[in-house]
Protein chains: 2
Amino acid sequence: MTLAATEPTMDLPAVEERHLDRRQYPNGVAYMDGQYLPMSEAKISVLDWGFLHSDVTYDTVHVWDGRFFRLNQHLDRFFQNIKRLRMKLPYDRAEIAAILANCVSLSGHNSAYVDMICTRGASSTFSRDPREAENRFIAFALPFGSVANKEQLERGLHIAISYTVRIPPTSINPAIKNCHWLDLVQGLFEAYDYGAETALVVDTNGNIAEGPGFNVFAVKDGRLRTPAHSVLPGITRQTVFDLCSELGMSAMADNIRPGEIKAADEVFITSTAGGIMPVTRIDAALIGDGKVGSVTRELTSLYWKKHADPSWSTLVTALL
Amino acid sequence: MTLAATEPTMDLPAVEERHLDRRQYPNGVAYMDGQYLPMSEAKISVLDWGFLHSDVTYDTVHVWDGRFFRLNQHLDRFFQNIKRLRMKLPYDRAEIAAILANCVSLSGHNSAYVDMICTRGASSTFSRDPREAENRFIAFALPFGSVANKEQLERGLHIAISYTVRIPPTSINPAIKNCHWLDLVQGLFEAYDYGAETALVVDTNGNIAEGPGFNVFAVKDGRLRTPAHSVLPGITRQTVFDLCSELGMSAMADNIRPGEIKAADEVFITSTAGGIMPVTRIDAALIGDGKVGSVTRELTSLYWKKHADPSWSTLVTALL
């Protein structure tokens, strides 16, 4: 036996210079660090606080037929939330609007899902002090997406109520649009187990809160209600209030029990990803007659009409 | 005036092929997708559910003087949490141990901070259904780091109690080591405002919970207590129970009021990042006589002694 054979083999693998990524990415354009890039390049370090500690806020705005919808409201919320998290970016409002418009134009998408993200960032020393991290901004434009697909928009979604409690406001201010979704993901899996298509989770008092990426409204006797607590104050939710005001309908934020929402005449969800989307079944209960209701139809129709109205929308090309 | 001058200028910026990253990264080696890479390459897409929805679990183990400390316990927890989140990885336990050992060896660090991460991943269509995402594994080894620096280890940390409520177990199972830290980051900023060095947050009943990356123990009349609820069951926390058992000391998980912890004889925090670390001031209150106490010293000494014990630690090179 030679000496070499008795020693442990210490052949370590090589450290390669570049990550080789074989994944496919959706077709879009991102902005980071002064560059416009294909989506496949839009990556952040695993050491970024935005990943390791979900220390990040973001906003999603959509473009429909070449126009941003309610961009100002999304920018207002984004800037407010950056401030709430004590982060700072070296871009002003007009600069971010121009970056978003560039992402959309470069992507070639006439209708788009557009994200603006601010993460705590990282420091070169992997410091545990968030004040030492350099905050960073990332934006991207992808093809327009919806919580509900075409068939679901026609027949209405089937939702299950999960008794997972949405992270309460005493832990995280829900007005800060954040990426803390493990509760919502658990709700989703429970809904899938049940055979439903998406989920609603509850607040600490067992009232309906929100779903993964959407708010919810119940219509009863022509009056609209939406959960008041433990929810993101969604821009599409606000848009429903604004549309109701225009149509002379009553809408209010309130506590809604699971039993109440199941007994509603109509239910719909709201999200930048899809707008106003009908729900026709919750758990085993059909909502109303199980078909998309007239209030939902009227609001949906007005919602999409506003997308061409210059007081509600902005030409992408006007921001370039 | 020429026609061109009256038309809007539509000169869009170029889409560049590759992201140019000027950031500095700590010195380490990562593993992803079959490759060993420098830390600067360890990046994930902003579309990964692990980033956009913090849909990720991880575990951190440390290497001290060429030996992993309690690697089996960390691997047990990591695999259990992957299962709890309904994720799957194409690596077994021995393969992950070998990957971690390779990262450490390639990094050249004799003492290291070693992370293993499992994210939900992403799908090429940016699907909203987490079942369509391809789960992914990332590991890395960095220089050993500690919650407390050398000076703080000698004189004891100054902690402030934040009344931010740790995300409750009804929302997220705290046994799943997760990246939902906005509550802890808020606590940190409040502690900095107060002039303290780190923070403790509370549970829904106002009892002490945990801090950013650590559990806490209070010693009173020779008996140890640590919060029972709304905390990660830390491996170093468990190690303190094990050491107490060996030393014949009493240790239990219990509810601890803020007033009680301030009136303790000794307080220390526990984390894989630093081990057992003394606390000598909470808010304005000095703990005991304001110096590092004898129980803390005895446990710390035994803790580090165990790092050379083969029943508590594993040679990195034995796993290659």
# chains A, B, ... in the order shown; residues from 1 in each chain; ligands from 1

call {"tool": "closest_atom_pairs", "arguments": {"of": "chain A", "to": "chain B", "cutoff": "6 Å", "atoms": "only C-alpha atoms", "output": "CSV"}}
result
residue,atom,partner,partner_atom,distance
A:Val15,CA,B:Tyr36,CA,4.8
A:Glu16,CA,B:Leu37,CA,5.3
A:Gln24,CA,B:Ser124,CA,5.0
A:Tyr25,CA,B:Ser124,CA,4.8
A:Pro26,CA,B:Thr125,CA,5.6
A:Tyr36,CA,B:Val15,CA,4.8
A:Leu37,CA,B:Val15,CA,5.2
A:Ala42,CA,B:Ser45,CA,5.8
A:Lys43,CA,B:Ser45,CA,4.2
A:Ile44,CA,B:Lys43,CA,5.0
A:Ser45,CA,B:Lys43,CA,4.2
A:Val46,CA,B:Lys43,CA,5.4
A:Phe51,CA,B:Phe51,CA,5.1
A:Leu52,CA,B:Cys179,CA,5.6
A:His53,CA,B:Cys179,CA,4.6
A:Ser54,CA,B:His180,CA,5.8
A:Asp55,CA,B:Leu182,CA,5.8
A:Ser124,CA,B:Tyr25,CA,4.8
A:Thr125,CA,B:Pro26,CA,5.6
A:Thr164,CA,B:Ser171,CA,5.9
A:Val165,CA,B:Ser171,CA,4.8
A:Arg166,CA,B:Ser171,CA,5.8
A:Ile167,CA,B:Ser171,CA,5.5
A:Thr170,CA,B:Val165,CA,5.7
A:Ser171,CA,B:Val165,CA,4.8
A:Ile172,CA,B:Asp183,CA,5.9
A:Cys179,CA,B:His53,CA,4.6
A:His180,CA,B:Ser54,CA,5.8
A:Trp181,CA,B:His53,CA,5.0
A:Leu182,CA,B:Asp55,CA,5.8
A:Asp183,CA,B:Ser171,CA,5.5

call {"tool": "select_by_dssp", "arguments": {"residues": "range 2-248 of chain B", "states": "strand (DSSP E)", "output": "VMD selection string"}}
result
chain B and resid 29 to 32 35 to 38 43 to 45 56 to 64 67 to 69 112 to 122 134 to 143 157 to 165 198 to 202 215 to 220 223 to 227

call {"tool": "atom_distance", "arguments": {"atom1": "CA of Arg77 in chain A", "atom2": "CA of Val114 in chain A"}}
result
14.6 Å

call {"tool": "residues_around", "arguments": {"residues": "Thr236 in chain B", "least_positions_apart": "5", "cutoff": "12 Å", "atoms": "only C-alpha atoms", "output": "mmCIF file with N, CA and C atoms, in the first residue's frame"}}
result
data_model
loop_
_atom_site.group_PDB
_atom_site.id
_atom_site.type_symbol
_atom_site.label_atom_id
_atom_site.label_comp_id
_atom_site.auth_asym_id
_atom_site.auth_seq_id
_atom_site.Cartn_x
_atom_site.Cartn_y
_atom_site.Cartn_z
ATOM 1 N N THR B 60 -28.605 27.763 9.371
ATOM 2 C CA THR B 60 -27.238 28.241 9.457
ATOM 3 C C THR B 60 -26.500 27.363 10.448
ATOM 4 N N VAL B 61 -25.393 26.803 10.021
ATOM 5 C CA VAL B 61 -24.556 26.005 10.907
ATOM 6 C C VAL B 61 -23.186 26.676 10.912
ATOM 7 N N HIS B 62 -22.426 26.481 11.977
ATOM 8 C CA HIS B 62 -21.106 27.097 11.944
ATOM 9 C C HIS B 62 -20.002 26.053 12.033
ATOM 10 N N PHE B 69 -20.292 22.324 13.996
ATOM 11 C CA PHE B 69 -20.865 22.138 15.335
ATOM 12 C C PHE B 69 -22.336 21.726 15.203
ATOM 13 N N ARG B 70 -22.648 20.553 15.706
ATOM 14 C CA ARG B 70 -24.026 20.025 15.728
ATOM 15 C C ARG B 70 -24.688 20.043 14.347
ATOM 16 N N LEU B 71 -23.934 19.614 13.358
ATOM 17 C CA LEU B 71 -24.446 19.614 11.980
ATOM 18 C C LEU B 71 -25.721 18.779 11.856
ATOM 19 N N GLN B 73 -28.145 18.231 13.925
ATOM 20 C CA GLN B 73 -29.329 18.953 14.396
ATOM 21 C C GLN B 73 -29.801 19.978 13.351
ATOM 22 N N HIS B 74 -28.828 20.647 12.733
ATOM 23 C CA HIS B 74 -29.202 21.640 11.716
ATOM 24 C C HIS B 74 -29.806 20.962 10.488
ATOM 25 N N GLY B 213 -32.324 37.148 15.160
ATOM 26 C CA GLY B 213 -31.341 36.079 14.979
ATOM 27 C C GLY B 213 -30.902 35.406 16.257
ATOM 28 N N PHE B 214 -31.622 35.636 17.356
ATOM 29 C CA PHE B 214 -31.198 34.986 18.601
ATOM 30 C C PHE B 214 -32.358 34.733 19.556
ATOM 31 N N ASN B 215 -32.150 33.726 20.424
ATOM 32 C CA ASN B 215 -33.017 33.475 21.580
ATOM 33 C C ASN B 215 -32.388 34.148 22.789
ATOM 34 N N VAL B 216 -33.152 34.224 23.878
ATOM 35 C CA VAL B 216 -32.633 34.883 25.076
ATOM 36 C C VAL B 216 -32.904 34.019 26.309
ATOM 37 N N PHE B 217 -32.008 34.056 27.267
ATOM 38 C CA PHE B 217 -32.159 33.361 28.555
ATOM 39 C C PHE B 217 -32.002 34.360 29.690
ATOM 40 N N THR B 226 -36.109 30.591 29.466
ATOM 41 C CA THR B 226 -36.071 31.169 28.114
ATOM 42 C C THR B 226 -37.505 31.192 27.595
ATOM 43 N N PHE B 241 -29.860 24.061 26.966
ATOM 44 C CA PHE B 241 -30.582 23.053 27.766
ATOM 45 C C PHE B 241 -29.691 21.828 27.994
ATOM 46 N N ASP B 242 -29.007 21.396 26.929
ATOM 47 C CA ASP B 242 -28.156 20.199 27.030
ATOM 48 C C ASP B 242 -26.977 20.438 27.983
ATOM 49 N N LEU B 243 -26.382 21.616 27.892
ATOM 50 C CA LEU B 243 -25.249 21.932 28.776
ATOM 51 C C LEU B 243 -25.725 22.033 30.220
ATOM 52 N N PHE B 268 -28.396 36.261 28.913
ATOM 53 C CA PHE B 268 -27.541 36.069 27.731
ATOM 54 C C PHE B 268 -28.402 35.707 26.529
ATOM 55 N N ILE B 269 -27.872 35.914 25.356
ATOM 56 C CA ILE B 269 -28.565 35.526 24.127
ATOM 57 C C ILE B 269 -27.813 34.359 23.495
ATOM 58 N N THR B 270 -28.530 33.613 22.662
ATOM 59 C CA THR B 270 -27.910 32.460 21.997
ATOM 60 C C THR B 270 -28.189 32.504 20.505
ATOM 61 N N SER B 271 -27.170 32.171 19.727
ATOM 62 C CA SER B 271 -27.293 32.151 18.269
ATOM 63 C C SER B 271 -26.159 31.329 17.703
ATOM 64 N N THR B 272 -26.418 30.677 16.585
ATOM 65 C CA THR B 272 -25.327 30.015 15.873
ATOM 66 C C THR B 272 -24.251 31.046 15.530
ATOM 67 N N ALA B 273 -24.704 32.282 15.308
ATOM 68 C CA ALA B 273 -23.757 33.360 15.027
ATOM 69 C C ALA B 273 -23.257 33.958 16.337
ATOM 70 N N GLY B 274 -22.354 33.263 16.985
ATOM 71 C CA GLY B 274 -21.729 33.811 18.191
ATOM 72 C C GLY B 274 -21.860 32.954 19.436
ATOM 73 N N GLY B 275 -22.775 32.004 19.421
ATOM 74 C CA GLY B 275 -22.918 31.103 20.572
ATOM 75 C C GLY B 275 -23.709 31.708 21.709
ATOM 76 N N ILE B 276 -23.094 31.756 22.887
ATOM 77 C CA ILE B 276 -23.713 32.296 24.100
ATOM 78 C C ILE B 276 -23.092 33.667 24.349
ATOM 79 N N MET B 277 -23.933 34.713 24.347
ATOM 80 C CA MET B 277 -23.395 36.077 24.409
ATOM 81 C C MET B 277 -24.061 36.866 25.535
ATOM 82 N N LEU B 299 -21.274 28.494 31.231
ATOM 83 C CA LEU B 299 -21.926 27.895 30.057
ATOM 84 C C LEU B 299 -21.148 28.209 28.782
ATOM 85 N N THR B 300 -20.673 29.450 28.666
ATOM 86 C CA THR B 300 -19.918 29.851 27.481
ATOM 87 C C THR B 300 -18.660 29.010 27.340
ATOM 88 N N TYR B 303 -19.639 25.533 26.316
ATOM 89 C CA TYR B 303 -20.110 25.598 24.919
ATOM 90 C C TYR B 303 -18.929 25.502 23.951
ATOM 91 N N TRP B 304 -17.906 26.303 24.195
ATOM 92 C CA TRP B 304 -16.770 26.304 23.255
ATOM 93 C C TRP B 304 -15.937 25.038 23.376
#

call {"tool": "residues_around", "arguments": {"residues": "Asn72 in chain B", "least_positions_apart": "6", "cutoff": "10 Å", "atoms": "only C-alpha atoms", "output": "ChimeraX atom specification"}}
result
/B:61,78,93,97,312-314

call {"tool": "write_last_selection", "arguments": {"atoms": "N, CA and C atoms", "output": "JSON list (two decimals), in the first residue's frame"}}
result
[["chain", "number", "residue", "atom", "x", "y", "z"],
["B", 61, "VAL", "N", -25.39, 26.80, 10.02],
["B", 61, "VAL", "CA", -24.56, 26.00, 10.91],
["B", 61, "VAL", "C", -23.19, 26.68, 10.91],
["B", 78, "PHE", "N", -33.54, 21.49, 8.99],
["B", 78, "PHE", "CA", -33.67, 21.96, 7.60],
["B", 78, "PHE", "C", -34.59, 21.02, 6.80],
["B", 93, "ARG", "N", -29.46, 13.93, 2.56],
["B", 93, "ARG", "CA", -28.73, 14.48, 3.70],
["B", 93, "ARG", "C", -27.21, 14.43, 3.51],
["B", 97, "ALA", "N", -24.62, 17.55, 3.18],
["B", 97, "ALA", "CA", -23.46, 17.67, 4.08],
["B", 97, "ALA", "C", -22.17, 17.81, 3.27],
["B", 312, "TRP", "N", -20.12, 16.10, 19.54],
["B", 312, "TRP", "CA", -20.83, 17.36, 19.29],
["B", 312, "TRP", "C", -20.42, 18.01, 17.97],
["B", 313, "SER", "N", -19.37, 17.54, 17.36],
["B", 313, "SER", "CA", -18.86, 18.24, 16.18],
["B", 313, "SER", "C", -18.28, 17.25, 15.17],
["B", 314, "THR", "N", -18.14, 17.71, 13.94],
["B", 314, "THR", "CA", -17.71, 16.85, 12.85],
["B", 314, "THR", "C", -16.61, 17.54, 12.05]]

call {"tool": "atom_distance", "arguments": {"atom1": "CA of Ile256 in chain B", "atom2": "CA of Asp221 in chain B"}}
result
15.1 Å

call {"tool": "closest_residue", "arguments": {"among": "B:Leu89, B:Cys118, B:Ile282, B:Val63", "to": "Ser162 in chain B", "atoms": "only C-alpha atoms"}}
result
B:Ile282

call {"tool": "closest_residue", "arguments": {"among": "A:Glu246, A:Asp193, A:Asp59, A:Asp265", "to": "Arg223 in chain A", "atoms": "only C-alpha atoms"}}
result
A:Asp265

call {"tool": "select_by_dssp", "arguments": {"residues": "range 7-230 of chain B", "states": "helix (DSSP H, G or I)", "output": "PyMOL selection string"}}
result
chain B and resi 39-41+49-52+71-84+93-107+130-132+150-155+182-194

call {"tool": "atom_distance", "arguments": {"atom1": "CA of Leu315 in chain B", "atom2": "CA of Tyr113 in chain B"}}
result
15.0 Å

call {"tool": "closest_residue", "arguments": {"among": "A:Val219, A:Ala141, A:Lys150, A:Ser311", "to": "Gly288 in chain A", "atoms": "only C-alpha atoms"}}
result
A:Val219

call {"tool": "residues_around", "arguments": {"residues": "Pro227 in chain B", "least_positions_apart": "5", "cutoff": "6 Å", "atoms": "only C-alpha atoms", "output": "list in words"}}
result
Ala209, Ala253, Asp254 and Asn255 of chain B

call {"tool": "decode", "arguments": {"residues": "range 112-220 of chain A", "atoms": "C-alpha atoms", "output": "PDB file, in the first residue's frame"}}
result
ATOM      1  CA  ALA A 112     -47.790  44.895 -18.825  1.00  0.00           C
ATOM      2  CA  TYR A 113     -47.273  43.963 -15.196  1.00  0.00           C
ATOM      3  CA  VAL A 114     -44.747  46.467 -13.849  1.00  0.00           C
ATOM      4  CA  ASP A 115     -42.900  46.116 -10.557  1.00  0.00           C
ATOM      5  CA  MET A 116     -40.858  48.672  -8.623  1.00  0.00           C
ATOM      6  CA  ILE A 117     -38.861  47.234  -5.729  1.00  0.00           C
ATOM      7  CA  CYS A 118     -36.790  48.786  -2.965  1.00  0.00           C
ATOM      8  CA  THR A 119     -34.695  46.429  -0.833  1.00  0.00           C
ATOM      9  CA  ARG A 120     -32.557  47.193   2.203  1.00  0.00           C
ATOM     10  CA  GLY A 121     -29.652  45.947   0.096  1.00  0.00           C
ATOM     11  CA  ALA A 122     -26.436  44.638   1.585  1.00  0.00           C
ATOM     12  CA  SER A 123     -23.044  45.705   2.854  1.00  0.00           C
ATOM     13  CA  SER A 124     -19.752  44.288   1.673  1.00  0.00           C
ATOM     14  CA  THR A 125     -19.037  43.010   5.205  1.00  0.00           C
ATOM     15  CA  PHE A 126     -22.320  41.074   5.649  1.00  0.00           C
ATOM     16  CA  SER A 127     -22.982  43.391   8.604  1.00  0.00           C
ATOM     17  CA  ARG A 128     -25.914  42.604  10.890  1.00  0.00           C
ATOM     18  CA  ASP A 129     -26.697  46.335  11.094  1.00  0.00           C
ATOM     19  CA  PRO A 130     -29.317  47.323   8.495  1.00  0.00           C
ATOM     20  CA  ARG A 131     -28.071  50.911   8.602  1.00  0.00           C
ATOM     21  CA  GLU A 132     -24.886  49.741   6.902  1.00  0.00           C
ATOM     22  CA  ALA A 133     -26.683  48.274   3.905  1.00  0.00           C
ATOM     23  CA  GLU A 134     -26.915  50.194   0.651  1.00  0.00           C
ATOM     24  CA  ASN A 135     -30.590  50.332  -0.329  1.00  0.00           C
ATOM     25  CA  ARG A 136     -31.300  49.360  -3.897  1.00  0.00           C
ATOM     26  CA  PHE A 137     -33.936  49.811  -6.543  1.00  0.00           C
ATOM     27  CA  ILE A 138     -35.063  47.305  -9.147  1.00  0.00           C
ATOM     28  CA  ALA A 139     -37.871  47.632 -11.687  1.00  0.00           C
ATOM     29  CA  PHE A 140     -39.221  45.332 -14.350  1.00  0.00           C
ATOM     30  CA  ALA A 141     -41.998  44.976 -16.925  1.00  0.00           C
ATOM     31  CA  LEU A 142     -43.521  41.598 -17.792  1.00  0.00           C
ATOM     32  CA  PRO A 143     -46.584  40.608 -19.811  1.00  0.00           C
ATOM     33  CA  PHE A 144     -49.834  41.615 -18.062  1.00  0.00           C
ATOM     34  CA  GLY A 145     -50.978  38.888 -15.676  1.00  0.00           C
ATOM     35  CA  SER A 146     -54.171  38.206 -13.755  1.00  0.00           C
ATOM     36  CA  VAL A 147     -55.098  36.341 -10.585  1.00  0.00           C
ATOM     37  CA  ALA A 148     -58.014  34.818 -12.556  1.00  0.00           C
ATOM     38  CA  ASN A 149     -57.678  33.328 -16.023  1.00  0.00           C
ATOM     39  CA  LYS A 150     -60.211  33.890 -18.824  1.00  0.00           C
ATOM     40  CA  GLU A 151     -62.430  30.967 -17.874  1.00  0.00           C
ATOM     41  CA  GLN A 152     -62.428  31.996 -14.198  1.00  0.00           C
ATOM     42  CA  LEU A 153     -63.318  35.581 -15.136  1.00  0.00           C
ATOM     43  CA  GLU A 154     -66.369  34.270 -17.007  1.00  0.00           C
ATOM     44  CA  ARG A 155     -67.668  31.749 -14.488  1.00  0.00           C
ATOM     45  CA  GLY A 156     -66.249  33.219 -11.265  1.00  0.00           C
ATOM     46  CA  LEU A 157     -63.514  31.915  -8.974  1.00  0.00           C
ATOM     47  CA  HIS A 158     -63.867  29.175  -6.395  1.00  0.00           C
ATOM     48  CA  ILE A 159     -62.259  30.314  -3.138  1.00  0.00           C
ATOM     49  CA  ALA A 160     -61.648  28.450   0.104  1.00  0.00           C
ATOM     50  CA  ILE A 161     -61.376  30.189   3.468  1.00  0.00           C
ATOM     51  CA  SER A 162     -58.238  29.223   5.349  1.00  0.00           C
ATOM     52  CA  TYR A 163     -58.124  29.821   9.081  1.00  0.00           C
ATOM     53  CA  THR A 164     -54.496  30.804   8.831  1.00  0.00           C
ATOM     54  CA  VAL A 165     -54.263  34.253  10.399  1.00  0.00           C
ATOM     55  CA  ARG A 166     -52.841  37.009   8.231  1.00  0.00           C
ATOM     56  CA  ILE A 167     -49.727  38.498   9.876  1.00  0.00           C
ATOM     57  CA  PRO A 168     -51.329  41.084  12.202  1.00  0.00           C
ATOM     58  CA  PRO A 169     -50.741  44.863  12.106  1.00  0.00           C
ATOM     59  CA  THR A 170     -49.079  44.676  15.546  1.00  0.00           C
ATOM     60  CA  SER A 171     -46.251  42.779  13.818  1.00  0.00           C
ATOM     61  CA  ILE A 172     -46.172  44.415  10.395  1.00  0.00           C
ATOM     62  CA  ASN A 173     -48.019  47.470   9.162  1.00  0.00           C
ATOM     63  CA  PRO A 174     -50.150  45.988   6.344  1.00  0.00           C
ATOM     64  CA  ALA A 175     -50.106  49.337   4.550  1.00  0.00           C
ATOM     65  CA  ILE A 176     -46.463  48.605   3.756  1.00  0.00           C
ATOM     66  CA  LYS A 177     -46.726  46.426   0.663  1.00  0.00           C
ATOM     67  CA  ASN A 178     -44.404  43.612   1.649  1.00  0.00           C
ATOM     68  CA  CYS A 179     -43.252  40.148   0.679  1.00  0.00           C
ATOM     69  CA  HIS A 180     -44.209  38.358   3.915  1.00  0.00           C
ATOM     70  CA  TRP A 181     -46.400  35.712   2.323  1.00  0.00           C
ATOM     71  CA  LEU A 182     -45.779  32.399   4.104  1.00  0.00           C
ATOM     72  CA  ASP A 183     -49.232  32.697   5.715  1.00  0.00           C
ATOM     73  CA  LEU A 184     -50.828  33.368   2.329  1.00  0.00           C
ATOM     74  CA  VAL A 185     -48.909  30.514   0.706  1.00  0.00           C
ATOM     75  CA  GLN A 186     -50.102  28.177   3.453  1.00  0.00           C
ATOM     76  CA  GLY A 187     -53.652  29.381   2.809  1.00  0.00           C
ATOM     77  CA  LEU A 188     -53.169  28.663  -0.897  1.00  0.00           C
ATOM     78  CA  PHE A 189     -52.023  25.091  -0.270  1.00  0.00           C
ATOM     79  CA  GLU A 190     -54.995  24.524   2.045  1.00  0.00           C
ATOM     80  CA  ALA A 191     -57.291  25.866  -0.675  1.00  0.00           C
ATOM     81  CA  TYR A 192     -55.736  23.529  -3.250  1.00  0.00           C
ATOM     82  CA  ASP A 193     -56.193  20.600  -0.847  1.00  0.00           C
ATOM     83  CA  TYR A 194     -59.842  21.546  -0.643  1.00  0.00           C
ATOM     84  CA  GLY A 195     -60.155  21.683  -4.428  1.00  0.00           C
ATOM     85  CA  ALA A 196     -60.512  25.467  -4.600  1.00  0.00           C
ATOM     86  CA  GLU A 197     -58.566  27.820  -6.845  1.00  0.00           C
ATOM     87  CA  THR A 198     -57.373  30.406  -4.364  1.00  0.00           C
ATOM     88  CA  ALA A 199     -57.699  31.362  -0.708  1.00  0.00           C
ATOM     89  CA  LEU A 200     -58.866  33.950   1.758  1.00  0.00           C
ATOM     90  CA  VAL A 201     -57.181  34.122   5.144  1.00  0.00           C
ATOM     91  CA  VAL A 202     -58.588  35.665   8.333  1.00  0.00           C
ATOM     92  CA  ASP A 203     -57.542  38.350  10.810  1.00  0.00           C
ATOM     93  CA  THR A 204     -56.803  37.744  14.511  1.00  0.00           C
ATOM     94  CA  ASN A 205     -60.537  38.015  15.285  1.00  0.00           C
ATOM     95  CA  GLY A 206     -61.511  35.443  12.685  1.00  0.00           C
ATOM     96  CA  ASN A 207     -62.899  38.019  10.272  1.00  0.00           C
ATOM     97  CA  ILE A 208     -62.083  37.743   6.577  1.00  0.00           C
ATOM     98  CA  ALA A 209     -58.809  39.542   5.746  1.00  0.00           C
ATOM     99  CA  GLU A 210     -57.401  39.151   2.241  1.00  0.00           C
ATOM    100  CA  GLY A 211     -56.013  36.617  -0.233  1.00  0.00           C
ATOM    101  CA  PRO A 212     -52.642  36.090  -1.919  1.00  0.00           C
ATOM    102  CA  GLY A 213     -52.320  39.346  -3.810  1.00  0.00           C
ATOM    103  CA  PHE A 214     -55.892  40.587  -3.580  1.00  0.00           C
ATOM    104  CA  ASN A 215     -58.572  42.293  -1.490  1.00  0.00           C
ATOM    105  CA  VAL A 216     -62.151  41.050  -1.414  1.00  0.00           C
ATOM    106  CA  PHE A 217     -65.585  42.696  -1.544  1.00  0.00           C
ATOM    107  CA  ALA A 218     -69.002  41.325  -0.608  1.00  0.00           C
ATOM    108  CA  VAL A 219     -72.207  42.782  -2.066  1.00  0.00           C
ATOM    109  CA  LYS A 220     -75.446  42.395  -0.079  1.00  0.00           C
TER     110      LYS A 220
END
